[in-house]
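Colleague: Dropping in target.pdb, which is PDB, C-alpha atoms, pLDDT in the B column:
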```pdb
ATOM      1  CA  MET A   1       6.043-114.304 -20.552  1.00 86.00           C
ATOM      2  CA  ILE A   2       6.232-110.643 -21.546  1.00 94.00           C
ATOM      3  CA  LYS A   3       9.454-108.998 -20.419  1.00 97.00           C
ATOM      4  CA  GLY A   4       9.721-105.877 -22.594  1.00 98.00           C
ATOM      5  CA  LEU A   5       7.810-103.568 -24.927  1.00 98.00           C
ATOM      6  CA  ILE A   6       8.658-102.019 -28.296  1.00 98.00           C
ATOM      7  CA  PHE A   7       6.558 -99.053 -29.416  1.00 98.00           C
ATOM      8  CA  ASP A   8       6.052 -97.430 -32.758  1.00 98.00           C
ATOM      9  CA  TYR A   9       5.802 -93.643 -32.481  1.00 98.00           C
ATOM     10  CA  GLY A  10       4.046 -91.776 -35.306  1.00 96.00           C
ATOM     11  CA  GLY A  11       0.430 -92.855 -35.662  1.00 96.00           C
ATOM     12  CA  THR A  12       0.590 -94.825 -32.426  1.00 97.00           C
ATOM     13  CA  ILE A  13       1.583 -92.613 -29.499  1.00 98.00           C
ATOM     14  CA  ASP A  14       0.897 -89.216 -31.078  1.00 98.00           C
ATOM     15  CA  SER A  15      -2.406 -89.856 -32.869  1.00 97.00           C
ATOM     16  CA  ASP A  16      -3.989 -92.877 -31.148  1.00 97.00           C
ATOM     17  CA  GLY A  17      -3.976 -95.047 -34.262  1.00 96.00           C
ATOM     18  CA  VAL A  18      -5.175 -92.409 -36.727  1.00 95.00           C
ATOM     19  CA  HIS A  19      -3.012 -92.097 -39.846  1.00 94.00           C
ATOM     20  CA  TRP A  20      -1.349 -88.700 -39.896  1.00 96.00           C
ATOM     21  CA  SER A  21      -2.760 -87.909 -43.318  1.00 96.00           C
ATOM     22  CA  GLU A  22      -6.200 -87.799 -41.709  1.00 96.00           C
ATOM     23  CA  ILE A  23      -5.109 -85.274 -39.092  1.00 97.00           C
ATOM     24  CA  LEU A  24      -3.465 -83.096 -41.722  1.00 98.00           C
ATOM     25  CA  TRP A  25      -6.615 -83.334 -43.829  1.00 98.00           C
ATOM     26  CA  GLU A  26      -8.603 -82.160 -40.804  1.00 97.00           C
ATOM     27  CA  SER A  27      -6.447 -79.025 -40.732  1.00 98.00           C
ATOM     28  CA  TYR A  28      -7.337 -78.359 -44.391  1.00 98.00           C
ATOM     29  CA  LEU A  29     -11.008 -78.569 -43.457  1.00 98.00           C
ATOM     30  CA  GLN A  30     -10.490 -76.443 -40.356  1.00 98.00           C
ATOM     31  CA  TYR A  31      -9.118 -73.565 -42.431  1.00 97.00           C
ATOM     32  CA  SER A  32     -11.423 -74.111 -45.417  1.00 97.00           C
ATOM     33  CA  ILE A  33      -8.607 -74.787 -47.878  1.00 98.00           C
ATOM     34  CA  PRO A  34     -10.445 -75.357 -51.197  1.00 98.00           C
ATOM     35  CA  VAL A  35      -8.989 -78.701 -52.276  1.00 98.00           C
ATOM     36  CA  SER A  36     -10.504 -82.142 -52.680  1.00 98.00           C
ATOM     37  CA  LYS A  37      -9.307 -85.004 -50.543  1.00 97.00           C
ATOM     38  CA  SER A  38      -7.815 -86.739 -53.575  1.00 97.00           C
ATOM     39  CA  GLN A  39      -5.840 -83.579 -54.410  1.00 98.00           C
ATOM     40  CA  PHE A  40      -4.628 -83.430 -50.811  1.00 98.00           C
ATOM     41  CA  ARG A  41      -3.626 -87.102 -50.762  1.00 97.00           C
ATOM     42  CA  ASN A  42      -1.609 -86.605 -53.923  1.00 98.00           C
ATOM     43  CA  VAL A  43       0.451 -83.755 -52.463  1.00 98.00           C
ATOM     44  CA  TYR A  44       0.751 -85.573 -49.130  1.00 98.00           C
ATOM     45  CA  VAL A  45       2.617 -88.357 -50.951  1.00 97.00           C
ATOM     46  CA  LEU A  46       4.717 -85.868 -52.918  1.00 98.00           C
ATOM     47  CA  ALA A  47       5.750 -84.068 -49.734  1.00 97.00           C
ATOM     48  CA  GLU A  48       6.665 -87.322 -47.998  1.00 95.00           C
ATOM     49  CA  ARG A  49       8.855 -88.312 -50.931  1.00 95.00           C
ATOM     50  CA  GLU A  50      10.497 -84.896 -50.927  1.00 96.00           C
ATOM     51  CA  LEU A  51      11.276 -85.164 -47.219  1.00 94.00           C
ATOM     52  CA  ALA A  52      12.760 -88.618 -47.791  1.00 88.00           C
ATOM     53  CA  LYS A  53      15.067 -87.317 -50.536  1.00 90.00           C
ATOM     54  CA  HIS A  54      16.300 -84.070 -49.007  1.00 92.00           C
ATOM     55  CA  PRO A  55      17.413 -83.080 -45.484  1.00 91.00           C
ATOM     56  CA  TYR A  56      14.717 -80.497 -44.780  1.00 96.00           C
ATOM     57  CA  ILE A  57      14.379 -81.721 -41.196  1.00 96.00           C
ATOM     58  CA  ARG A  58      17.249 -80.858 -38.866  1.00 97.00           C
ATOM     59  CA  PRO A  59      17.889 -82.814 -35.629  1.00 97.00           C
ATOM     60  CA  GLU A  60      16.959 -79.789 -33.475  1.00 98.00           C
ATOM     61  CA  TYR A  61      13.514 -79.347 -35.082  1.00 98.00           C
ATOM     62  CA  ASN A  62      10.530 -80.204 -32.912  1.00 98.00           C
ATOM     63  CA  PHE A  63       7.250 -81.592 -34.211  1.00 98.00           C
ATOM     64  CA  TYR A  64       5.769 -78.165 -34.924  1.00 98.00           C
ATOM     65  CA  ASP A  65       8.797 -77.321 -37.076  1.00 98.00           C
ATOM     66  CA  LEU A  66       8.390 -80.618 -38.930  1.00 98.00           C
ATOM     67  CA  LEU A  67       4.682 -80.050 -39.532  1.00 98.00           C
ATOM     68  CA  LYS A  68       5.266 -76.508 -40.777  1.00 98.00           C
ATOM     69  CA  ILE A  69       7.796 -77.748 -43.345  1.00 98.00           C
ATOM     70  CA  LYS A  70       5.530 -80.596 -44.423  1.00 98.00           C
ATOM     71  CA  ILE A  71       2.479 -78.365 -44.868  1.00 98.00           C
ATOM     72  CA  ASP A  72       4.571 -75.708 -46.644  1.00 98.00           C
ATOM     73  CA  LEU A  73       5.591 -78.374 -49.141  1.00 98.00           C
ATOM     74  CA  GLU A  74       2.023 -79.589 -49.631  1.00 98.00           C
ATOM     75  CA  LEU A  75       0.612 -76.101 -50.159  1.00 98.00           C
ATOM     76  CA  GLY A  76       3.520 -75.292 -52.462  1.00 98.00           C
ATOM     77  CA  TYR A  77       2.689 -78.276 -54.663  1.00 98.00           C
ATOM     78  CA  LEU A  78      -0.993 -77.300 -54.752  1.00 98.00           C
ATOM     79  CA  ILE A  79      -0.043 -73.771 -55.818  1.00 98.00           C
ATOM     80  CA  GLU A  80       2.337 -75.098 -58.498  1.00 97.00           C
ATOM     81  CA  GLN A  81      -0.442 -77.322 -59.819  1.00 97.00           C
ATOM     82  CA  GLY A  82      -2.808 -74.360 -60.046  1.00 97.00           C
ATOM     83  CA  VAL A  83      -5.182 -75.830 -57.479  1.00 98.00           C
ATOM     84  CA  LEU A  84      -4.610 -72.983 -54.992  1.00 97.00           C
ATOM     85  CA  ASP A  85      -3.728 -69.318 -55.226  1.00 97.00           C
ATOM     86  CA  LEU A  86      -0.503 -68.103 -53.628  1.00 97.00           C
ATOM     87  CA  VAL A  87      -2.461 -66.435 -50.823  1.00 96.00           C
ATOM     88  CA  TYR A  88      -3.110 -69.844 -49.211  1.00 97.00           C
ATOM     89  CA  LYS A  89       0.576 -70.272 -48.391  1.00 96.00           C
ATOM     90  CA  LYS A  90       0.005 -68.089 -45.327  1.00 96.00           C
ATOM     91  CA  TYR A  91      -2.149 -70.775 -43.696  1.00 98.00           C
ATOM     92  CA  ALA A  92       0.773 -73.163 -43.165  1.00 98.00           C
ATOM     93  CA  THR A  93       1.641 -71.700 -39.759  1.00 98.00           C
ATOM     94  CA  GLU A  94      -1.890 -71.982 -38.373  1.00 98.00           C
ATOM     95  CA  MET A  95      -2.424 -75.442 -39.840  1.00 98.00           C
ATOM     96  CA  ALA A  96       0.838 -76.666 -38.336  1.00 98.00           C
ATOM     97  CA  ARG A  97      -0.148 -75.276 -34.937  1.00 98.00           C
ATOM     98  CA  PHE A  98      -3.568 -76.943 -35.198  1.00 98.00           C
ATOM     99  CA  CYS A  99      -1.965 -80.352 -35.864  1.00 98.00           C
ATOM    100  CA  TYR A 100       0.749 -79.859 -33.255  1.00 98.00           C
ATOM    101  CA  ASP A 101      -1.796 -79.030 -30.557  1.00 98.00           C
ATOM    102  CA  LYS A 102      -3.811 -82.142 -31.413  1.00 98.00           C
ATOM    103  CA  ALA A 103      -0.658 -84.255 -31.172  1.00 98.00           C
ATOM    104  CA  ARG A 104       0.239 -82.764 -27.793  1.00 98.00           C
ATOM    105  CA  LYS A 105      -3.213 -83.519 -26.379  1.00 98.00           C
ATOM    106  CA  THR A 106      -3.014 -87.096 -27.620  1.00 98.00           C
ATOM    107  CA  VAL A 107       0.508 -87.556 -26.252  1.00 98.00           C
ATOM    108  CA  ASN A 108      -0.566 -86.206 -22.852  1.00 98.00           C
ATOM    109  CA  LYS A 109      -3.227 -88.900 -22.678  1.00 97.00           C
ATOM    110  CA  ALA A 110      -0.760 -91.562 -23.801  1.00 98.00           C
ATOM    111  CA  CYS A 111       1.677 -90.539 -21.059  1.00 97.00           C
ATOM    112  CA  LYS A 112      -0.749 -91.724 -18.393  1.00 96.00           C
ATOM    113  CA  ILE A 113      -0.617 -95.228 -19.889  1.00 97.00           C
ATOM    114  CA  LEU A 114       3.137 -95.094 -20.451  1.00 98.00           C
ATOM    115  CA  ASP A 115       3.639 -94.123 -16.798  1.00 97.00           C
ATOM    116  CA  SER A 116       1.909 -97.319 -15.693  1.00 96.00           C
ATOM    117  CA  LEU A 117       3.611 -99.560 -18.244  1.00 97.00           C
ATOM    118  CA  ASN A 118       7.037 -98.121 -17.484  1.00 96.00           C
ATOM    119  CA  GLU A 119       6.754 -99.323 -13.912  1.00 95.00           C
ATOM    120  CA  CYS A 120       6.434-102.899 -15.155  1.00 95.00           C
ATOM    121  CA  TYR A 121       8.446-103.186 -18.365  1.00 97.00           C
ATOM    122  CA  PRO A 122      11.591-101.847 -20.030  1.00 98.00           C
ATOM    123  CA  MET A 123      10.500-100.001 -23.179  1.00 98.00           C
ATOM    124  CA  VAL A 124      12.152 -99.186 -26.502  1.00 98.00           C
ATOM    125  CA  LEU A 125      10.925 -96.998 -29.360  1.00 98.00           C
ATOM    126  CA  VAL A 126      11.307 -98.094 -32.996  1.00 98.00           C
ATOM    127  CA  SER A 127      10.281 -95.467 -35.523  1.00 98.00           C
ATOM    128  CA  ASN A 128      10.503 -94.435 -39.163  1.00 96.00           C
ATOM    129  CA  PHE A 129      11.402 -90.793 -38.622  1.00 96.00           C
ATOM    130  CA  TYR A 130      13.347 -87.892 -40.055  1.00 95.00           C
ATOM    131  CA  GLY A 131      16.407 -87.655 -37.785  1.00 95.00           C
ATOM    132  CA  ASN A 132      14.788 -85.432 -35.129  1.00 97.00           C
ATOM    133  CA  ILE A 133      12.897 -87.970 -33.032  1.00 98.00           C
ATOM    134  CA  GLN A 134      14.939 -87.187 -29.903  1.00 98.00           C
ATOM    135  CA  THR A 135      13.939 -83.514 -30.098  1.00 98.00           C
ATOM    136  CA  VAL A 136      10.293 -84.476 -30.618  1.00 98.00           C
ATOM    137  CA  LEU A 137      10.333 -86.866 -27.658  1.00 98.00           C
ATOM    138  CA  THR A 138      11.981 -84.270 -25.416  1.00 98.00           C
ATOM    139  CA  ASP A 139       9.485 -81.584 -26.412  1.00 98.00           C
ATOM    140  CA  PHE A 140       6.569 -83.888 -25.617  1.00 98.00           C
ATOM    141  CA  GLY A 141       8.114 -85.266 -22.397  1.00 97.00           C
ATOM    142  CA  LEU A 142       8.365 -88.796 -23.785  1.00 98.00           C
ATOM    143  CA  ASN A 143      12.109 -89.423 -23.734  1.00 95.00           C
ATOM    144  CA  LYS A 144      12.052 -90.573 -20.090  1.00 97.00           C
ATOM    145  CA  TYR A 145      10.066 -93.686 -20.990  1.00 98.00           C
ATOM    146  CA  PHE A 146      12.432 -95.310 -23.480  1.00 98.00           C
ATOM    147  CA  SER A 147      15.804 -96.806 -22.645  1.00 96.00           C
ATOM    148  CA  HIS A 148      16.720 -96.832 -26.346  1.00 98.00           C
ATOM    149  CA  VAL A 149      15.350 -95.189 -29.477  1.00 98.00           C
ATOM    150  CA  VAL A 150      15.836 -96.872 -32.860  1.00 98.00           C
ATOM    151  CA  GLU A 151      15.202 -94.267 -35.571  1.00 98.00           C
ATOM    152  CA  SER A 152      15.265 -95.195 -39.250  1.00 97.00           C
ATOM    153  CA  ALA A 153      17.095 -92.038 -40.349  1.00 94.00           C
ATOM    154  CA  ILE A 154      19.893 -92.818 -37.871  1.00 96.00           C
ATOM    155  CA  VAL A 155      20.276 -96.595 -38.236  1.00 97.00           C
ATOM    156  CA  GLY A 156      19.720 -96.704 -41.999  1.00 96.00           C
ATOM    157  CA  VAL A 157      16.939 -99.300 -41.889  1.00 97.00           C
ATOM    158  CA  ARG A 158      13.250 -98.521 -42.416  1.00 96.00           C
ATOM    159  CA  LYS A 159      10.071-100.404 -41.680  1.00 97.00           C
ATOM    160  CA  PRO A 160       8.797-102.763 -42.924  1.00 97.00           C
ATOM    161  CA  ASP A 161      12.313-104.256 -42.863  1.00 98.00           C
ATOM    162  CA  PRO A 162      12.277-106.618 -39.845  1.00 98.00           C
ATOM    163  CA  ARG A 163      15.889-105.688 -39.074  1.00 98.00           C
ATOM    164  CA  ILE A 164      14.783-102.432 -37.484  1.00 98.00           C
ATOM    165  CA  PHE A 165      12.688-104.398 -34.978  1.00 98.00           C
ATOM    166  CA  GLN A 166      15.583-106.779 -34.423  1.00 98.00           C
ATOM    167  CA  LEU A 167      17.594-103.760 -33.305  1.00 98.00           C
ATOM    168  CA  GLY A 168      14.812-102.970 -30.831  1.00 98.00           C
ATOM    169  CA  VAL A 169      14.823-106.506 -29.470  1.00 98.00           C
ATOM    170  CA  GLU A 170      18.606-106.371 -29.085  1.00 98.00           C
ATOM    171  CA  ALA A 171      18.351-103.033 -27.282  1.00 98.00           C
ATOM    172  CA  LEU A 172      16.029-104.660 -24.757  1.00 98.00           C
ATOM    173  CA  GLY A 173      18.436-107.579 -24.358  1.00 98.00           C
ATOM    174  CA  LEU A 174      15.572-110.033 -24.706  1.00 98.00           C
ATOM    175  CA  LYS A 175      14.407-112.818 -26.992  1.00 98.00           C
ATOM    176  CA  PRO A 176      11.801-111.843 -29.626  1.00 98.00           C
ATOM    177  CA  GLN A 177       9.152-114.024 -28.014  1.00 97.00           C
ATOM    178  CA  GLU A 178       9.645-112.140 -24.739  1.00 98.00           C
ATOM    179  CA  THR A 179       8.771-108.801 -26.342  1.00 98.00           C
ATOM    180  CA  VAL A 180       5.535-107.175 -27.452  1.00 98.00           C
ATOM    181  CA  VAL A 181       5.531-104.747 -30.371  1.00 98.00           C
ATOM    182  CA  ILE A 182       2.758-102.130 -30.386  1.00 98.00           C
ATOM    183  CA  GLY A 183       2.038-100.278 -33.626  1.00 97.00           C
ATOM    184  CA  ASP A 184      -0.703 -98.825 -35.800  1.00 95.00           C
ATOM    185  CA  SER A 185       0.424-100.231 -39.165  1.00 94.00           C
ATOM    186  CA  TYR A 186      -0.306-103.859 -39.934  1.00 94.00           C
ATOM    187  CA  LYS A 187       2.172-103.949 -42.841  1.00 94.00           C
ATOM    188  CA  LYS A 188       4.950-101.873 -41.289  1.00 96.00           C
ATOM    189  CA  ASP A 189       4.702-102.920 -37.630  1.00 97.00           C
ATOM    190  CA  ILE A 190       2.745-106.106 -37.085  1.00 97.00           C
ATOM    191  CA  VAL A 191       3.929-108.222 -40.025  1.00 97.00           C
ATOM    192  CA  PRO A 192       7.698-107.575 -39.712  1.00 98.00           C
ATOM    193  CA  ALA A 193       7.686-107.861 -35.916  1.00 98.00           C
ATOM    194  CA  SER A 194       5.724-111.117 -36.069  1.00 97.00           C
ATOM    195  CA  SER A 195       8.204-112.505 -38.595  1.00 98.00           C
ATOM    196  CA  LEU A 196      10.890-112.244 -35.912  1.00 98.00           C
ATOM    197  CA  GLY A 197       8.771-114.090 -33.373  1.00 97.00           C
ATOM    198  CA  CYS A 198       7.710-111.032 -31.386  1.00 98.00           C
ATOM    199  CA  GLN A 199       4.266-110.835 -29.866  1.00 97.00           C
ATOM    200  CA  THR A 200       2.247-107.973 -31.335  1.00 97.00           C
ATOM    201  CA  ILE A 201      -0.625-105.646 -30.499  1.00 97.00           C
ATOM    202  CA  TRP A 202      -2.224-103.800 -33.383  1.00 96.00           C
ATOM    203  CA  LEU A 203      -3.625-100.354 -32.602  1.00 96.00           C
ATOM    204  CA  LYS A 204      -6.200-100.195 -35.351  1.00 93.00           C
ATOM    205  CA  GLY A 205      -7.499 -96.755 -36.235  1.00 87.00           C
ATOM    206  CA  LYS A 206      -8.340 -94.878 -39.425  1.00 83.00           C
ATOM    207  CA  GLY A 207      -5.611 -95.843 -41.883  1.00 74.00           C
ATOM    208  CA  TRP A 208      -4.374 -94.643 -45.254  1.00 71.00           C
ATOM    209  CA  THR A 209      -6.578 -97.192 -47.049  1.00 70.00           C
ATOM    210  CA  ASP A 210      -9.503 -99.438 -46.135  1.00 67.00           C
ATOM    211  CA  GLU A 211      -7.744-102.646 -47.183  1.00 64.00           C
ATOM    212  CA  GLU A 212      -6.720-103.482 -43.611  1.00 67.00           C
ATOM    213  CA  ASP A 213     -10.344-103.457 -42.411  1.00 65.00           C
ATOM    214  CA  VAL A 214     -10.808-107.118 -43.354  1.00 63.00           C
ATOM    215  CA  ILE A 215      -7.585-108.322 -41.707  1.00 76.00           C
ATOM    216  CA  LYS A 216      -7.979-110.351 -38.523  1.00 76.00           C
ATOM    217  CA  HIS A 217      -5.401-110.323 -35.733  1.00 82.00           C
ATOM    218  CA  GLU A 218      -5.299-111.951 -32.320  1.00 84.00           C
ATOM    219  CA  HIS A 219      -4.656-108.743 -30.411  1.00 92.00           C
ATOM    220  CA  ILE A 220      -6.387-105.653 -31.801  1.00 94.00           C
ATOM    221  CA  ILE A 221      -7.074-102.517 -29.782  1.00 95.00           C
ATOM    222  CA  TYR A 222      -8.897 -99.385 -30.891  1.00 95.00           C
ATOM    223  CA  SER A 223      -7.482 -96.974 -28.329  1.00 96.00           C
ATOM    224  CA  PHE A 224      -4.000 -96.551 -26.871  1.00 97.00           C
ATOM    225  CA  GLY A 225      -5.574 -96.664 -23.417  1.00 95.00           C
ATOM    226  CA  ASP A 226      -6.656-100.271 -24.010  1.00 95.00           C
ATOM    227  CA  LEU A 227      -3.027-101.337 -23.564  1.00 96.00           C
ATOM    228  CA  LYS A 228      -3.557-101.062 -19.833  1.00 91.00           C
ATOM    229  CA  ASN A 229      -6.172-103.817 -19.910  1.00 90.00           C
ATOM    230  CA  ILE A 230      -3.965-106.181 -21.921  1.00 90.00           C
ATOM    231  CA  LEU A 231      -0.456-105.576 -20.564  1.00 92.00           C
ATOM    232  CA  LEU A 232      -0.967-104.744 -16.913  1.00 84.00           C
ATOM    233  CA  LYS A 233      -3.255-107.647 -16.072  1.00 60.00           C
ATOM    234  CA  VAL A 234      -0.517-110.160 -17.009  1.00 48.00           C
ATOM    235  CA  VAL A 235       2.147-108.717 -14.695  1.00 39.00           C
TER     236      VAL A 235
END
```
Starting from the coordinates I provided, produce the structure as C-alpha cells.

Modeller:
Amino acid sequence: MIKGLIFDYGGTIDSDGVHWSEILWESYLQYSIPVSKSQFRNVYVLAERELAKHPYIRPEYNFYDLLKIKIDLELGYLIEQGVLDLVYKKYATEMARFCYDKARKTVNKACKILDSLNECYPMVLVSNFYGNIQTVLTDFGLNKYFSHVVESAIVGVRKPDPRIFQLGVEALGLKPQETVVIGDSYKKDIVPASSLGCQTIWLKGKGWTDEEDVIKHEHIIYSFGDLKNILLKVV
C-alpha cells in the first residue's frame, strides 16, 4: 500500500528525466559556442567540483542565478584552457536565461501532475542541491507541494548515501515499504532508496552516460506525466 511519495528534484521535476548537462549543452549549441562536446563535458565536471568546494551559491539565489554562476565558471575554464576567446564570456547571461526558461516550462507541466498527486499523497523532496533549494522551489511555485524538503547542503548527507532517503521516510512518518521514491538517477536515487526497502519509480531519460541503458527495473517511466497512470490508479 502506497502512503507517501519522495521526489528527487534536479533532473526529475525540472527537466523530465534529462540530465542537466544535456540541457546546458543545448545552450552551447543555441549560441554557437565553438567547443566540442567532450570539451564541454570536461568543464561541466570542473564547474560542479568548484561549486561543491566553495560557497558560490547563496540561499537567496534562484535557479537563474545558479545557472549564471555555473555557466560563468564553465566559460571561464574554457577561456583559461585557450579553447575560447574572452569575448564568449558575454554569452553566459543569455545561455542561463535559455536554460532557465526551459526549466520553467518543464516545471509548469510537472505541476499539473503534482497537483493531482498532492490530493492523494503526502510528498517530500529529497535533493542533492546547493543550499538554495527553498528559493528555487518558491520561484517555480513548487514549495506548496512538499511538507518537508531534505537538501544535501543543509543536512550534510548526499546521494547516493541511503541516509538522505531515510530522512525523507522519517519526514513522512511512514515505513520505507509504504513510500515510493521517484528519481531520474538509477545509482543516486533508485539503488539507495531500494536498499532501504522503499518502492521506486525510475524516470529514465537521457543520462550522463549510456551505461544505464541496459539496466532493467520493474517500474520505468519515460515522462514525468506517466506518474499519473501508475500512482493515481492505485488510490

Colleague: Which neighbours of range 79-86 of chain A fall inside 12 Å, counting all atoms listed in the file, when residues of the same chain fewer than 5 positions from it are skipped, and could you give them as a VMD selection string?

Modeller: chain A and resid 32 to 36 38 to 40 42 to 43 72 to 74 91 to 92

Colleague: Any idea what's packed within 12 Å of Ala47 in chain A, counting only C-alpha atoms, ignoring anything in its chain fewer than 4 positions away? Could you give it as a ChimeraX atom specification?

Modeller: /A:21,40-43,51-54,56,66-78

Colleague: May I ask which of the residues A:Lys159, A:Lys187, A:Lys175, A:Lys216 is the closest one to Gln199 in chain A, counting all atoms listed in the file?

Modeller: A:Lys175

Colleague: For Gly225 in chain A, please output as a ChimeraX atom specification all residues within 9 Å (counting all atoms listed in the file; exclusion window: fewer than 5 positions along the same chain).

Modeller: /A:16,109-110,112-113

Colleague: Let's have the selection written as an mmCIF file, in the frame of the given file, with C-alpha atoms.

Modeller:
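As written to disk, result-v7.cif reads:
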```
data_model
loop_
_atom_site.group_PDB
_atom_site.id
_atom_site.type_symbol
_atom_site.label_atom_id
_atom_site.label_comp_id
_atom_site.auth_asym_id
_atom_site.auth_seq_id
_atom_site.Cartn_x
_atom_site.Cartn_y
_atom_site.Cartn_z
ATOM 1 C CA ASP A 16 -3.989 -92.877 -31.148
ATOM 2 C CA LYS A 109 -3.227 -88.900 -22.678
ATOM 3 C CA ALA A 110 -0.760 -91.562 -23.801
ATOM 4 C CA LYS A 112 -0.749 -91.724 -18.393
ATOM 5 C CA ILE A 113 -0.617 -95.228 -19.889
#
```

Colleague: Do you know which residues the PyMOL selection byres ((chain A and resi 190) around 12) returns on this file, as a ChimeraX atom specification?

Modeller: /A:6-8,159-162,165,180-189,191-204,212,215-220

Colleague: May I ask which of the residues A:Phe63, A:Ser127, A:Lys206, A:Asp139 is the closest one to Gly156 in chain A, counting all atoms listed in the file?

Modeller: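 Closest residue, counting all atoms listed in the file: A:Ser127.
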
Colleague: Measure the distance from CA of Lys228 in chain A to CA of Asp14 in chain A in Å and round it to one decimal.

Modeller: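 Between CA of Lys228 in chain A and CA of Asp14 in chain A the gap works out to 16.9 Å.
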
Colleague: Please report the interatomic distance between CA of Cys120 in chain A and CA of Leu232 in chain A in Å with one decimal.

Modeller: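 Rounded to one decimal, the two atoms are 7.8 Å apart.
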
Colleague: Padding of 6 Å on every side, edges along x, y and z, all listed atoms of range 112-121 of chain A included: what centre and edge lengths in Å, to one decimal, does that box have, as JSON?

Modeller:
```
{"center_x": 3.8, "center_y": -97.5, "center_z": -17.2, "size_x": 21.2, "size_y": 23.5, "size_z": 18.5}
```

Colleague: Pick the closest to Tyr121 in chain A from A:Leu46, A:Leu5, A:Ile154, A:Leu167: which is it, counting all atoms listed in the file?

Modeller: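 Closest candidate: A:Leu5.
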
Colleague: When you count only C-alpha atoms, which of these residues is closest to Tyr130 in chain A: A:Ile23, A:Ile2, A:Ala153, A:Cys99?

Modeller: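 Of A:Ile23, A:Ile2, A:Ala153, A:Cys99, the one nearest Tyr130 in chain A is A:Ala153, counting only C-alpha atoms.
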
Colleague: Find the spatial neighbours of Ser147 in chain A, counting only C-alpha atoms, within a cut-off of 12 Å - ignore same-chain residues fewer than 4 positions away - and output them as JSON, numbers by chain.

Modeller: {"A": [4, 5, 6, 7, 118, 121, 122, 123, 124, 125, 126, 142, 143, 168, 169, 170, 171, 172, 173]}

Colleague: Using only C-alpha atoms, which protein or nucleic acid residues come within 9 Å of Ala103 in chain A? Drop anything in the same chain fewer than 2 positions from it, and give the result as a ChimeraX atom specification.

Modeller: /A:13-15,63,98-101,105-108

Colleague: When you draw a straight line from CA of Met1 in chain A to CA of Glu178 in chain A, how long is it in Å?

Modeller: 5.9 Å

Colleague: Which of these, A:Asn62, A:Ser223, A:Thr209, A:Ser152, has the shortest distance to Gln134 in chain A once you count all atoms listed in the file?

Modeller: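 Among the listed residues, the smallest separation from Gln134 in chain A belongs to A:Asn62.
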
Colleague: Export C-alpha atoms of range 161-185 of chain A from the structure just given, as an mmCIF file, in the first residue's frame?

Modeller:
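Resulting contents of decode.cif:
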```cif
data_model
loop_
_atom_site.group_PDB
_atom_site.id
_atom_site.type_symbol
_atom_site.label_atom_id
_atom_site.label_comp_id
_atom_site.auth_asym_id
_atom_site.auth_seq_id
_atom_site.Cartn_x
_atom_site.Cartn_y
_atom_site.Cartn_z
ATOM 1 C CA ASP A 161 24.053 7.687 0.677
ATOM 2 C CA PRO A 162 20.786 5.944 1.668
ATOM 3 C CA ARG A 163 20.649 8.014 4.861
ATOM 4 C CA ILE A 164 19.343 11.010 2.943
ATOM 5 C CA PHE A 165 16.343 8.946 1.817
ATOM 6 C CA GLN A 166 15.901 7.654 5.351
ATOM 7 C CA LEU A 167 15.463 11.273 6.409
ATOM 8 C CA GLY A 168 12.745 11.594 3.765
ATOM 9 C CA VAL A 169 10.965 8.491 5.012
ATOM 10 C CA GLU A 170 11.131 9.802 8.580
ATOM 11 C CA ALA A 171 9.744 13.161 7.460
ATOM 12 C CA LEU A 172 6.736 11.352 6.015
ATOM 13 C CA GLY A 173 6.312 9.384 9.241
ATOM 14 C CA LEU A 174 5.946 6.168 7.274
ATOM 15 C CA LYS A 175 7.678 2.830 6.832
ATOM 16 C CA PRO A 176 10.025 2.547 3.817
ATOM 17 C CA GLN A 177 7.798 -0.029 2.149
ATOM 18 C CA GLU A 178 4.888 2.423 2.331
ATOM 19 C CA THR A 179 6.760 5.046 0.308
ATOM 20 C CA VAL A 180 7.604 5.436 -3.365
ATOM 21 C CA VAL A 181 10.777 7.246 -4.404
ATOM 22 C CA ILE A 182 10.734 8.884 -7.847
ATOM 23 C CA GLY A 183 14.049 9.887 -9.412
ATOM 24 C CA ASP A 184 15.985 10.088 -12.662
ATOM 25 C CA SER A 185 19.270 8.551 -11.472
#
```
